[in-house]
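Student: Okay, handing you the structure first.
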Protein chains: 2
Amino acid sequence: MAEEGSGHVRNKQVMFKDYITGFPEESDMYVNTDNTVILKLPEDSNGILLKNLYLSVDPYLRLLMQKFNTSGVFSPFTPNTPLRGYGVAKILESRDSKFKTGDLVWGAVGWEEYTVSTNTEGFFKIEHTDVPLSYYTGILGMPGMTAYSGFFELCSPKKGEYVFVSSASGAVGQLVGQFAKSIGCYVVGSAGSEEKVNLLKNKLGFDEAFNYKEEPDLNVALKRYFPEGIDIYFDNVGGKMLDAVLLNMKFLGRIALCGMVSQYNNLERPEGVHNLISGIFKALRIEGLQVYRYYHLYPNFLEFILPLIHEGKIAYVEDIVEGLESGPAALAGLLRGRNVGKQVIVVARE
Amino acid sequence: MAEEGSGHVRNKQVMFKDYITGFPEESDMYVNTDNTVILKLPEDSNGILLKNLYLSVDPYLRLLMQKFNTSGVFSPFTPNTPLRGYGVAKILESRDSKFKTGDLVWGAVGWEEYTVSTNTEGFFKIEHTDVPLSYYTGILGMPGMTAYSGFFELCSPKKGEYVFVSSASGAVGQLVGQFAKSIGCYVVGSAGSEEKVNLLKNKLGFDEAFNYKEEPDLNVALKRYFPEGIDIYFDNVGGKMLDAVLLNMKFLGRIALCGMVSQYNNLERPEGVHNLISGIFKALRIEGLQVYRYYHLYPNFLEFILPLIHEGKIAYVEDIVEGLESGPAALAGLLRGRNVGKQVIVVARE
C-alpha cells in the first residue's frame, strides 16, 4: 500500500479508453496508477468504505462499454472512470448500522482497490467464511443466484426432462447443469473448446457436451443429442444457437433468456432469430432473466447450496487471475471464451 | 342439391393444386364439382355426418399449404384434396351418443358441402342459437377462444396497463382490444388500411389505431402511441412489428405469440427478429399460444361473452362471402389483408 504524507493511498483502477465497437481488446483498457484515495469516509457520507478483494468478470460488463439504448435498464460506463461490477470486499468503515468495520460483503464495487459506496442496499453480508471468499463472485454470488432463479423459477423443471445449457462451463452454466442433474434431468451442454467439453462431461456431471465451434450445423448437432427434443433451454448465448434450439424444442418447452454473449460485441447489428414461429407451434414460454428480481430468495439459495458445497456434491471451476493489472486481459479474454470456468480477479487477499 | 340415381349427391370441395410458395393466388385453388357423397354414414363408422354451413377463413391455413417441418404439430394438407378448417355444421347422422341428428356443432370440417368426421371429440355442440350461427366461426368459436385465452391466460393483464394489438381488426384482434378495454387497459391497434383504422377507433373502441403501411419506422410509430412503453403485446403478425415492439416493451412486459401472418407466405426464409435481447433487459415473458390447450375453458368463455353480445357491449365485424366458389378468393384475400373483420364463407344457410 503506497501511503502518502497527506493520508492518501494509491487506488489503482481499471478503466477503458473509449466506447467500444466489436470485441474489446486488452489495449482498449488500462490500469490507472495515478489515482489516490483517503481511507476515511467523507464527513457527510452515510455509506461504506470498502477494500476490494475479488472482482467478478462477467459478460454483461461488455454491454456497459458502449453507448446504446437499453431503455434505462442499464447505465453505460463512462470512459476513463473505473469499470464497475460485482465483487467481494472488506468494510474498512461504515456509516450504515447494517455493516461494521471488518465485515465481508459482496455487491457492486469499482474495479479498483478501494471503493466508497452509498448504495448499501445492494450489498450482501458474507456470513459463511468456511468456503473460499472468491466463491461470492460466483457460486455464492450473482452468478449462483442467476443459475438458481433462472432454472428453478423460470424453467419450471421436472424430473426426467431434457435440458440444454449453452456456455455451459461458464459461471452460470456449470451450476445450471448440476442443478438440473440434481433433480433427475438429462443435461447436455455446449462450450467452445475440447477442454471445456471434457470438463463438462468428466467433472461437472453433464450427460453429454459438445464443442459448438466444431459443429457445421447446430440444428443437426442438437438433433443428435436430443432426438426427442428439448424441454428446457437455458440460454447464455442467443444468436444462432437460440435459433437452432427453437427448431428442437418440445411442445410446452421453456427457454430462460439469461445472456446473449454471442451478440454482446455486435449490438449495433444483432443477428436475427428466424425461428420464433416455433414458439407458437410448440406453445413455448420464453422468459428473460433479471437476477435482482430474485435476490429476496438469497437466504433460501444459501440453504440449498451450502450443504452441497460442504458435502462435495457440487463441482465448481474457477479461473483466477492475480491483480488489477490482469483485469483488462481477463475481461477481453472472457468475451472471446478464453477463460475456463468462472473468471475472477484477485485484487487483494484480505 | 344434385341428386343422382345411386343415392349420391354432389359434394363441392375447395382444393389447392400444389404446395404453395409465396402468397397463394386465387388461381392456386379451385372448386371441384365432380365429387359426390352418399348421405349416410358407412356401416362401420362411429362418427358423424355433417352438412357444412359456415367456414372460418383463418391465416394459419396458409401454413398447411406447404410441405414444411413443424415438428409434427400440424399436418400439411394434401394437394387435390379438400382444405380443412373450423366450421359450423348441422349433424345429418350421428353414431356418437353425444350428438343427434339436427344438432348444430362447430369444429374441424372440410371445405366442402358434406363432411364425415370420426374425430367427434373435436366438436362443440352449439347450445345458443339466439345469435348468428356464423359467430361460431369467430367470436363464439376458435378465434374467440384464442382472444380470450391468449389475453387473459397468457398476458396476465391488469387495469391501466398499455396494450398493443397487431392485425387488430381481424377476428382475434378486434376481440382482444375490446377485452382489454373492458378491464380498463389503454389499447392501441395496428392494421393495414385507413378503413380498418377507422373501424378500430370508431366502432371497436380502441383508444388509438394506426396504419402500419403508412409508417416508415415502426419503432417511431410505437414510441408515438406508447411514450411510456408497452405492457402487453398481443402479436398476430411477427416479423418487423414484433422486432419494433421488443424495443418498446416495459419492464416485466408480456408478449402473446398468437400468429405471425407477416411470415406465413415466406416460411422458407422467415425474417429475423433482432431485438430479442430486450427480452433479457426487460425480463419479458413471451409465450406461444395453442388455443386447444384452453378449450376446457369454453364454458367459462361463453358465460363471459354471451351477456356482452346480448347487451350490445361488444362489437363484432364479419366479412361474409357466399358459396364455396368464393373460398379461393377469400383465403387468398385474407392473406393479403383484403378482408375487413372476420372472414367467413357461407356454404349453406341450413
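Convention: chains lettered A, B, ... in C-alpha cells order; per-chain residue numbering from 1; ligands numbered from 1 as shown.
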Can you pull out every residue within 7 Å of Gly184 of chain A, counting only C-alpha atoms, but drop anything in the same chain fewer than 3 positions away, and send it as a count of residues only?
Tutor: 4
Student: Counting only C-alpha atoms, what is within 9 Å of Met260 of chain B, bar same-chain residues fewer than 6 positions away, as a list of chain:residue names?
Tutor: A:Ile277, A:Ile280, B:Pro59, B:Tyr60, B:Asp235, B:Asn236, B:Val237, B:Gly238, B:Gly239
Student: Restricting it to C-alpha atoms, dump the selection as an mmCIF file, in the first residue's frame.
Tutor:
data_model
loop_
_atom_site.group_PDB
_atom_site.id
_atom_site.type_symbol
_atom_site.label_atom_id
_atom_site.label_comp_id
_atom_site.auth_asym_id
_atom_site.auth_seq_id
_atom_site.Cartn_x
_atom_site.Cartn_y
_atom_site.Cartn_z
ATOM 1 C CA ILE A 277 -42.645 -19.136 -35.066
ATOM 2 C CA ILE A 280 -46.299 -20.633 -31.448
ATOM 3 C CA PRO B 59 -54.430 -17.207 -41.639
ATOM 4 C CA TYR B 60 -52.992 -20.440 -40.193
ATOM 5 C CA ASP B 235 -48.841 -10.454 -31.586
ATOM 6 C CA ASN B 236 -50.734 -11.636 -34.635
ATOM 7 C CA VAL B 237 -48.096 -10.709 -37.206
ATOM 8 C CA GLY B 238 -44.493 -11.379 -36.062
ATOM 9 C CA GLY B 239 -41.596 -10.079 -38.166
#
Student: Pick out the chain A residues within 10 Å of chain B. Count only C-alpha atoms. Give them as a PyMOL selection string.
Tutor: chain A and resi 69-74+154+229+238-239+243+247-252+254-260+263-264+267+269-291+293
Student: Lay chain A over chain B using all C-alpha atoms, matched one to one in order, with a least-squares fit; then write it out as a CSV table (one decimal) with C-alpha atoms, in the first residue's frame.
Tutor:
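The result, written out as superposed-v1.csv:
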chain,number,residue,atom,x,y,z
A,1,MET,CA,-78.8,-30.3,-54.1
A,2,ALA,CA,-77.9,-32.4,-57.2
A,3,GLU,CA,-79.5,-35.8,-56.3
A,4,GLU,CA,-78.4,-38.7,-58.4
A,5,GLY,CA,-80.1,-42.1,-59.0
A,6,SER,CA,-77.6,-44.1,-56.8
A,7,GLY,CA,-78.3,-42.0,-53.6
A,8,HIS,CA,-75.2,-39.9,-54.3
A,9,VAL,CA,-75.4,-36.1,-54.1
A,10,ARG,CA,-72.9,-33.6,-55.3
A,11,ASN,CA,-70.3,-32.6,-52.8
A,12,LYS,CA,-68.4,-29.5,-54.0
A,13,GLN,CA,-65.0,-29.2,-52.5
A,14,VAL,CA,-62.3,-26.4,-52.4
A,15,MET,CA,-58.9,-27.8,-53.1
A,16,PHE,CA,-55.4,-26.4,-53.9
A,17,LYS,CA,-53.4,-27.6,-56.9
A,18,ASP,CA,-49.9,-28.0,-55.4
A,19,TYR,CA,-47.8,-26.9,-52.4
A,20,ILE,CA,-47.6,-23.2,-52.4
A,21,THR,CA,-44.5,-20.9,-52.3
A,22,GLY,CA,-45.1,-17.3,-51.5
A,23,PHE,CA,-48.6,-15.7,-51.5
A,24,PRO,CA,-51.3,-18.1,-52.6
A,25,GLU,CA,-53.3,-16.8,-55.5
A,26,GLU,CA,-57.0,-17.5,-56.1
A,27,SER,CA,-55.8,-19.5,-59.1
A,28,ASP,CA,-53.8,-21.8,-57.0
A,29,MET,CA,-57.1,-23.2,-55.7
A,30,TYR,CA,-60.2,-24.5,-57.4
A,31,VAL,CA,-63.7,-25.8,-56.7
A,32,ASN,CA,-64.1,-29.5,-57.6
A,33,THR,CA,-67.6,-30.1,-58.7
A,34,ASP,CA,-67.1,-33.7,-59.7
A,35,ASN,CA,-67.2,-35.2,-56.2
A,36,THR,CA,-70.3,-36.9,-54.9
A,37,VAL,CA,-71.1,-38.4,-51.5
A,38,ILE,CA,-73.8,-40.8,-50.1
A,39,LEU,CA,-75.7,-39.0,-47.4
A,40,LYS,CA,-75.4,-41.9,-45.0
A,41,LEU,CA,-72.7,-43.0,-42.7
A,42,PRO,CA,-70.8,-46.1,-43.7
A,43,GLU,CA,-72.0,-49.2,-41.7
A,44,ASP,CA,-68.7,-49.5,-39.8
A,45,SER,CA,-68.3,-45.8,-39.0
A,46,ASN,CA,-68.8,-44.5,-35.4
A,47,GLY,CA,-68.6,-40.9,-36.5
A,48,ILE,CA,-70.9,-38.1,-37.6
A,49,LEU,CA,-72.1,-36.9,-41.0
A,50,LEU,CA,-72.2,-33.2,-41.3
A,51,LYS,CA,-73.8,-30.7,-43.6
A,52,ASN,CA,-71.5,-27.7,-43.6
A,53,LEU,CA,-73.0,-24.2,-43.1
A,54,TYR,CA,-70.2,-21.7,-42.5
A,55,LEU,CA,-66.4,-22.0,-42.9
A,56,SER,CA,-63.9,-20.0,-41.0
A,57,VAL,CA,-61.1,-18.5,-43.1
A,58,ASP,CA,-58.0,-18.2,-40.9
A,59,PRO,CA,-54.4,-17.2,-41.6
A,60,TYR,CA,-53.0,-20.4,-40.2
A,61,LEU,CA,-54.5,-22.4,-43.1
A,62,ARG,CA,-51.6,-21.0,-45.2
A,63,LEU,CA,-49.2,-23.0,-43.1
A,64,LEU,CA,-50.8,-26.2,-44.1
A,65,MET,CA,-50.5,-25.5,-47.8
A,66,GLN,CA,-46.8,-26.3,-47.9
A,67,LYS,CA,-44.6,-29.1,-47.0
A,68,PHE,CA,-42.6,-27.9,-44.0
A,69,ASN,CA,-41.4,-29.3,-40.8
A,70,THR,CA,-43.3,-28.0,-37.8
A,71,SER,CA,-42.1,-31.0,-35.8
A,72,GLY,CA,-45.4,-32.8,-36.1
A,73,VAL,CA,-47.6,-30.1,-34.6
A,74,PHE,CA,-49.5,-29.6,-37.8
A,75,SER,CA,-50.0,-32.0,-40.7
A,76,PRO,CA,-49.9,-30.3,-44.0
A,77,PHE,CA,-52.8,-30.6,-46.5
A,78,THR,CA,-52.6,-32.8,-49.5
A,79,PRO,CA,-52.9,-31.2,-52.9
A,80,ASN,CA,-56.2,-32.0,-54.7
A,81,THR,CA,-58.0,-33.0,-51.5
A,82,PRO,CA,-60.3,-30.5,-49.7
A,83,LEU,CA,-58.8,-28.0,-47.4
A,84,ARG,CA,-59.8,-28.4,-43.8
A,85,GLY,CA,-60.6,-25.8,-41.1
A,86,TYR,CA,-63.0,-24.7,-38.5
A,87,GLY,CA,-66.7,-24.5,-39.5
A,88,VAL,CA,-70.2,-24.6,-38.3
A,89,ALA,CA,-72.3,-27.6,-39.4
A,90,LYS,CA,-75.5,-29.4,-38.9
A,91,ILE,CA,-75.5,-33.1,-38.0
A,92,LEU,CA,-77.3,-35.2,-40.6
A,93,GLU,CA,-76.5,-38.5,-38.9
A,94,SER,CA,-74.6,-39.5,-35.7
A,95,ARG,CA,-73.2,-42.7,-34.3
A,96,ASP,CA,-71.9,-40.8,-31.3
A,97,SER,CA,-74.3,-40.6,-28.4
A,98,LYS,CA,-73.1,-37.0,-27.7
A,99,PHE,CA,-74.7,-35.8,-30.9
A,100,LYS,CA,-78.0,-36.4,-32.6
A,101,THR,CA,-79.5,-35.6,-36.0
A,102,GLY,CA,-80.3,-31.9,-36.3
A,103,ASP,CA,-77.7,-30.7,-33.8
A,104,LEU,CA,-75.6,-27.8,-34.7
A,105,VAL,CA,-71.9,-28.0,-34.0
A,106,TRP,CA,-68.6,-26.2,-34.6
A,107,GLY,CA,-65.3,-27.9,-35.2
A,108,ALA,CA,-62.9,-29.1,-37.9
A,109,VAL,CA,-64.6,-29.8,-41.2
A,110,GLY,CA,-63.6,-30.0,-44.8
A,111,TRP,CA,-64.0,-27.1,-47.2
A,112,GLU,CA,-66.9,-28.9,-48.9
A,113,GLU,CA,-70.7,-29.3,-48.6
A,114,TYR,CA,-70.7,-32.5,-46.5
A,115,THR,CA,-68.1,-34.0,-44.2
A,116,VAL,CA,-67.9,-37.3,-42.5
A,117,SER,CA,-65.8,-37.0,-39.3
A,118,THR,CA,-64.7,-39.7,-36.9
A,119,ASN,CA,-63.0,-37.3,-34.6
A,120,THR,CA,-66.1,-36.3,-32.7
A,121,GLU,CA,-64.1,-35.2,-29.7
A,122,GLY,CA,-63.1,-32.1,-31.6
A,123,PHE,CA,-66.7,-30.8,-32.0
A,124,PHE,CA,-68.5,-28.4,-29.7
A,125,LYS,CA,-72.3,-28.6,-29.7
A,126,ILE,CA,-73.9,-25.2,-30.3
A,127,GLU,CA,-76.4,-24.6,-27.5
A,128,HIS,CA,-77.1,-20.9,-28.0
A,129,THR,CA,-78.8,-20.1,-31.3
A,130,ASP,CA,-80.1,-16.6,-30.5
A,131,VAL,CA,-77.0,-15.2,-32.1
A,132,PRO,CA,-76.0,-15.5,-35.8
A,133,LEU,CA,-74.7,-19.1,-36.4
A,134,SER,CA,-71.7,-17.6,-38.3
A,135,TYR,CA,-70.5,-16.3,-34.9
A,136,TYR,CA,-69.3,-19.8,-34.1
A,137,THR,CA,-66.6,-19.4,-36.7
A,138,GLY,CA,-65.4,-16.3,-34.9
A,139,ILE,CA,-66.4,-14.6,-31.7
A,140,LEU,CA,-68.0,-17.8,-30.3
A,141,GLY,CA,-65.5,-20.2,-31.8
A,142,MET,CA,-61.8,-20.8,-32.1
A,143,PRO,CA,-60.9,-17.1,-32.7
A,144,GLY,CA,-62.9,-16.1,-29.7
A,145,MET,CA,-61.2,-18.7,-27.5
A,146,THR,CA,-57.9,-17.5,-28.9
A,147,ALA,CA,-58.5,-14.0,-27.9
A,148,TYR,CA,-59.9,-15.0,-24.5
A,149,SER,CA,-57.2,-17.5,-23.5
A,150,GLY,CA,-54.4,-15.6,-25.2
A,151,PHE,CA,-55.2,-12.3,-23.4
A,152,PHE,CA,-56.4,-13.5,-20.0
A,153,GLU,CA,-54.4,-16.6,-19.6
A,154,LEU,CA,-51.1,-15.6,-21.2
A,155,CYS,CA,-50.9,-11.9,-20.8
A,156,SER,CA,-51.8,-11.5,-17.0
A,157,PRO,CA,-53.4,-8.2,-17.8
A,158,LYS,CA,-54.0,-5.5,-15.1
A,159,LYS,CA,-56.2,-2.4,-15.1
A,160,GLY,CA,-54.4,0.6,-16.5
A,161,GLU,CA,-51.8,-1.3,-18.5
A,162,TYR,CA,-50.8,-0.3,-22.0
A,163,VAL,CA,-51.8,-2.9,-24.6
A,164,PHE,CA,-50.8,-3.1,-28.2
A,165,VAL,CA,-52.6,-5.4,-30.7
A,166,SER,CA,-51.5,-6.1,-34.3
A,167,SER,CA,-53.8,-7.2,-37.0
A,168,ALA,CA,-56.2,-5.5,-34.7
A,169,SER,CA,-59.4,-5.6,-36.8
A,170,GLY,CA,-59.0,-9.3,-37.6
A,171,ALA,CA,-61.1,-12.0,-36.0
A,172,VAL,CA,-58.9,-12.3,-32.9
A,173,GLY,CA,-57.5,-8.7,-32.7
A,174,GLN,CA,-60.8,-6.9,-32.6
A,175,LEU,CA,-61.8,-9.1,-29.6
A,176,VAL,CA,-58.5,-8.8,-27.7
A,177,GLY,CA,-58.8,-5.0,-27.9
A,178,GLN,CA,-62.3,-5.0,-26.5
A,179,PHE,CA,-61.4,-7.4,-23.8
A,180,ALA,CA,-58.5,-5.2,-22.8
A,181,LYS,CA,-60.7,-2.1,-22.8
A,182,SER,CA,-63.3,-3.9,-20.7
A,183,ILE,CA,-60.8,-4.3,-17.8
A,184,GLY,CA,-59.5,-0.7,-18.1
A,185,CYS,CA,-56.4,-1.0,-20.2
A,186,TYR,CA,-55.3,1.6,-22.7
A,187,VAL,CA,-55.4,-0.1,-26.1
A,188,VAL,CA,-53.8,0.7,-29.5
A,189,GLY,CA,-54.2,-1.4,-32.6
A,190,SER,CA,-52.4,-1.6,-35.9
A,191,ALA,CA,-54.0,-2.6,-39.2
A,192,GLY,CA,-53.3,-2.3,-42.9
A,193,SER,CA,-55.8,0.3,-44.2
A,194,GLU,CA,-57.5,3.5,-43.3
A,195,GLU,CA,-60.8,1.7,-43.4
A,196,LYS,CA,-59.6,-0.7,-40.7
A,197,VAL,CA,-58.1,2.1,-38.6
A,198,ASN,CA,-61.4,3.9,-38.6
A,199,LEU,CA,-63.2,0.8,-37.7
A,200,LEU,CA,-60.8,0.3,-34.7
A,201,LYS,CA,-61.3,3.8,-33.5
A,202,ASN,CA,-64.9,4.4,-34.2
A,203,LYS,CA,-66.6,1.0,-33.8
A,204,LEU,CA,-64.3,-1.3,-31.9
A,205,GLY,CA,-63.4,1.1,-29.1
A,206,PHE,CA,-59.7,1.2,-29.4
A,207,ASP,CA,-58.1,4.3,-27.9
A,208,GLU,CA,-55.8,4.7,-30.9
A,209,ALA,CA,-55.0,2.9,-34.1
A,210,PHE,CA,-52.6,3.3,-37.0
A,211,ASN,CA,-52.0,2.0,-40.5
A,212,TYR,CA,-48.6,0.2,-40.3
A,213,LYS,CA,-48.2,0.5,-44.1
A,214,GLU,CA,-48.1,4.3,-43.7
A,215,GLU,CA,-45.3,4.2,-41.1
A,216,PRO,CA,-41.8,4.4,-42.4
A,217,ASP,CA,-40.4,3.5,-39.0
A,218,LEU,CA,-42.5,1.2,-36.7
A,219,ASN,CA,-40.3,2.0,-33.7
A,220,VAL,CA,-41.1,5.7,-34.1
A,221,ALA,CA,-44.7,4.9,-34.6
A,222,LEU,CA,-44.8,2.8,-31.4
A,223,LYS,CA,-43.0,5.5,-29.4
A,224,ARG,CA,-45.7,8.0,-30.6
A,225,TYR,CA,-48.5,5.8,-29.3
A,226,PHE,CA,-46.7,4.4,-26.2
A,227,PRO,CA,-44.4,7.1,-24.9
A,228,GLU,CA,-44.2,5.2,-21.6
A,229,GLY,CA,-43.9,1.8,-23.2
A,230,ILE,CA,-46.0,-1.3,-23.8
A,231,ASP,CA,-47.0,-3.7,-21.0
A,232,ILE,CA,-48.7,-6.2,-23.2
A,233,TYR,CA,-48.3,-7.0,-26.9
A,234,PHE,CA,-50.7,-9.4,-28.5
A,235,ASP,CA,-48.8,-10.4,-31.6
A,236,ASN,CA,-50.7,-11.6,-34.6
A,237,VAL,CA,-48.1,-10.7,-37.2
A,238,GLY,CA,-44.5,-11.4,-36.1
A,239,GLY,CA,-41.6,-10.1,-38.2
A,240,LYS,CA,-40.7,-6.4,-38.2
A,241,MET,CA,-43.6,-5.3,-36.0
A,242,LEU,CA,-42.5,-7.8,-33.3
A,243,ASP,CA,-39.0,-6.5,-33.6
A,244,ALA,CA,-40.1,-2.9,-33.1
A,245,VAL,CA,-42.3,-3.8,-30.2
A,246,LEU,CA,-39.4,-5.5,-28.4
A,247,LEU,CA,-37.7,-2.1,-28.3
A,248,ASN,CA,-40.8,-0.5,-26.8
A,249,MET,CA,-41.8,-3.0,-24.1
A,250,LYS,CA,-41.8,-2.0,-20.5
A,251,PHE,CA,-40.0,-3.9,-17.8
A,252,LEU,CA,-41.9,-7.1,-17.0
A,253,GLY,CA,-43.9,-6.8,-20.1
A,254,ARG,CA,-45.7,-9.8,-21.7
A,255,ILE,CA,-46.0,-10.8,-25.3
A,256,ALA,CA,-48.5,-13.4,-26.5
A,257,LEU,CA,-47.3,-15.0,-29.7
A,258,CYS,CA,-50.6,-15.8,-31.3
A,259,GLY,CA,-49.8,-15.6,-35.0
A,260,MET,CA,-47.1,-14.4,-37.4
A,261,VAL,CA,-49.1,-13.7,-40.6
A,262,SER,CA,-46.3,-11.5,-41.9
A,263,GLN,CA,-44.2,-14.6,-42.2
A,264,TYR,CA,-46.7,-17.2,-43.4
A,265,ASN,CA,-46.0,-16.7,-47.1
A,266,ASN,CA,-42.3,-16.9,-46.6
A,267,LEU,CA,-41.5,-19.6,-44.1
A,268,GLU,CA,-38.6,-21.0,-46.1
A,269,ARG,CA,-36.8,-17.7,-45.2
A,270,PRO,CA,-38.6,-16.1,-42.3
A,271,GLU,CA,-37.4,-12.6,-41.3
A,272,GLY,CA,-35.0,-12.4,-38.4
A,273,VAL,CA,-36.0,-10.8,-35.1
A,274,HIS,CA,-33.0,-8.8,-34.0
A,275,ASN,CA,-34.1,-7.3,-30.7
A,276,LEU,CA,-34.7,-10.3,-28.5
A,277,ILE,CA,-32.0,-9.1,-26.2
A,278,SER,CA,-34.7,-6.6,-24.9
A,279,GLY,CA,-36.3,-9.7,-23.5
A,280,ILE,CA,-33.4,-10.0,-21.1
A,281,PHE,CA,-33.1,-6.3,-20.3
A,282,LYS,CA,-36.8,-6.0,-19.6
A,283,ALA,CA,-37.4,-9.4,-18.1
A,284,LEU,CA,-40.1,-10.0,-20.7
A,285,ARG,CA,-42.3,-13.1,-20.7
A,286,ILE,CA,-43.0,-14.3,-24.3
A,287,GLU,CA,-45.4,-17.2,-24.7
A,288,GLY,CA,-46.7,-19.0,-27.7
A,289,LEU,CA,-50.4,-19.7,-27.9
A,290,GLN,CA,-52.0,-23.0,-28.9
A,291,VAL,CA,-55.7,-22.4,-28.3
A,292,TYR,CA,-56.7,-26.0,-28.0
A,293,ARG,CA,-54.8,-26.1,-24.7
A,294,TYR,CA,-57.6,-23.9,-23.3
A,295,TYR,CA,-60.7,-25.5,-24.8
A,296,HIS,CA,-61.7,-26.8,-21.4
A,297,LEU,CA,-62.4,-23.1,-20.6
A,298,TYR,CA,-65.0,-22.8,-23.3
A,299,PRO,CA,-68.0,-22.9,-20.9
A,300,ASN,CA,-66.4,-20.1,-18.9
A,301,PHE,CA,-65.8,-18.2,-22.1
A,302,LEU,CA,-69.5,-18.5,-23.1
A,303,GLU,CA,-70.6,-17.3,-19.7
A,304,PHE,CA,-68.3,-14.3,-20.2
A,305,ILE,CA,-69.0,-13.4,-23.8
A,306,LEU,CA,-72.7,-14.2,-24.4
A,307,PRO,CA,-74.0,-11.5,-22.0
A,308,LEU,CA,-71.7,-9.0,-23.7
A,309,ILE,CA,-73.2,-9.9,-27.0
A,310,HIS,CA,-76.8,-9.8,-25.8
A,311,GLU,CA,-76.3,-6.5,-24.1
A,312,GLY,CA,-74.6,-5.0,-27.1
A,313,LYS,CA,-71.5,-4.4,-25.1
A,314,ILE,CA,-69.1,-5.9,-27.7
A,315,ALA,CA,-68.8,-5.1,-31.3
A,316,TYR,CA,-68.0,-7.8,-33.8
A,317,VAL,CA,-67.3,-7.3,-37.5
A,318,GLU,CA,-67.6,-10.1,-40.0
A,319,ASP,CA,-66.7,-10.2,-43.7
A,320,ILE,CA,-69.0,-12.8,-45.2
A,321,VAL,CA,-68.9,-14.2,-48.7
A,322,GLU,CA,-71.4,-16.6,-50.2
A,323,GLY,CA,-70.7,-20.0,-51.5
A,324,LEU,CA,-67.7,-22.4,-51.7
A,325,GLU,CA,-67.0,-20.8,-55.0
A,326,SER,CA,-65.9,-17.7,-53.1
A,327,GLY,CA,-63.5,-19.8,-51.0
A,328,PRO,CA,-60.3,-19.5,-53.0
A,329,ALA,CA,-60.6,-15.7,-53.3
A,330,ALA,CA,-61.5,-15.3,-49.7
A,331,LEU,CA,-58.4,-17.2,-48.5
A,332,ALA,CA,-56.0,-15.6,-50.9
A,333,GLY,CA,-57.5,-12.2,-50.0
A,334,LEU,CA,-57.2,-12.8,-46.2
A,335,LEU,CA,-53.5,-13.5,-46.6
A,336,ARG,CA,-53.2,-10.1,-48.3
A,337,GLY,CA,-55.3,-8.4,-45.7
A,338,ARG,CA,-58.2,-7.6,-48.1
A,339,ASN,CA,-60.9,-8.8,-45.6
A,340,VAL,CA,-62.3,-6.3,-43.1
A,341,GLY,CA,-63.2,-8.2,-40.0
A,342,LYS,CA,-63.7,-11.9,-39.5
A,343,GLN,CA,-63.7,-13.7,-42.9
A,344,VAL,CA,-66.5,-16.2,-43.2
A,345,ILE,CA,-67.7,-18.4,-46.1
A,346,VAL,CA,-71.4,-19.3,-46.3
A,347,VAL,CA,-71.7,-22.8,-47.6
A,348,ALA,CA,-75.4,-23.2,-46.9
A,349,ARG,CA,-77.9,-21.3,-44.7
A,350,GLU,CA,-79.2,-24.5,-43.0
Student: Just list as a list of chain:residue names whatever in segment 54-151 of chain B DSSP marks as alpha helix (DSSP H).
Tutor: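 Assigned to alpha helix (DSSP H), within segment 54-151 of chain B: B:Met142, B:Pro143, B:Gly144, B:Met145, B:Thr146, B:Ala147, B:Tyr148.
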Student: Limited to N, CA and C atoms, could you put the picked residues into a file as an mmCIF file, in the first residue's frame?
Tutor:
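As written to disk, selection-v6.cif reads:
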data_model
loop_
_atom_site.group_PDB
_atom_site.id
_atom_site.type_symbol
_atom_site.label_atom_id
_atom_site.label_comp_id
_atom_site.auth_asym_id
_atom_site.auth_seq_id
_atom_site.Cartn_x
_atom_site.Cartn_y
_atom_site.Cartn_z
ATOM 1 N N MET B 142 -63.259 -20.724 -32.372
ATOM 2 C CA MET B 142 -61.822 -20.774 -32.135
ATOM 3 C C MET B 142 -61.204 -19.385 -31.988
ATOM 4 N N PRO B 143 -61.518 -18.417 -32.885
ATOM 5 C CA PRO B 143 -60.903 -17.096 -32.716
ATOM 6 C C PRO B 143 -61.297 -16.424 -31.392
ATOM 7 N N GLY B 144 -62.544 -16.596 -30.985
ATOM 8 C CA GLY B 144 -62.964 -16.041 -29.701
ATOM 9 C C GLY B 144 -62.186 -16.639 -28.552
ATOM 10 N N MET B 145 -62.040 -17.970 -28.574
ATOM 11 C CA MET B 145 -61.272 -18.652 -27.534
ATOM 12 C C MET B 145 -59.795 -18.252 -27.581
ATOM 13 N N THR B 146 -59.304 -17.990 -28.793
ATOM 14 C CA THR B 146 -57.914 -17.546 -28.942
ATOM 15 C C THR B 146 -57.716 -16.196 -28.264
ATOM 16 N N ALA B 147 -58.629 -15.275 -28.530
ATOM 17 C CA ALA B 147 -58.531 -13.952 -27.923
ATOM 18 C C ALA B 147 -58.656 -14.038 -26.396
ATOM 19 N N TYR B 148 -59.614 -14.837 -25.964
ATOM 20 C CA TYR B 148 -59.902 -14.958 -24.522
ATOM 21 C C TYR B 148 -58.736 -15.603 -23.779
#
Student: Let's see if you can do this: from backbone DSSP, list all strand (DSSP E or B) residues in segment 120-196 of chain B, as a list in words.
Tutor: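 The strand (DSSP E or B) subset of segment 120-196 of chain B is Phe124, Lys125, Tyr162, Val163, Phe164, Val165, Tyr186, Val187, Val188, Gly189, Ser190 and Ala191 of chain B.
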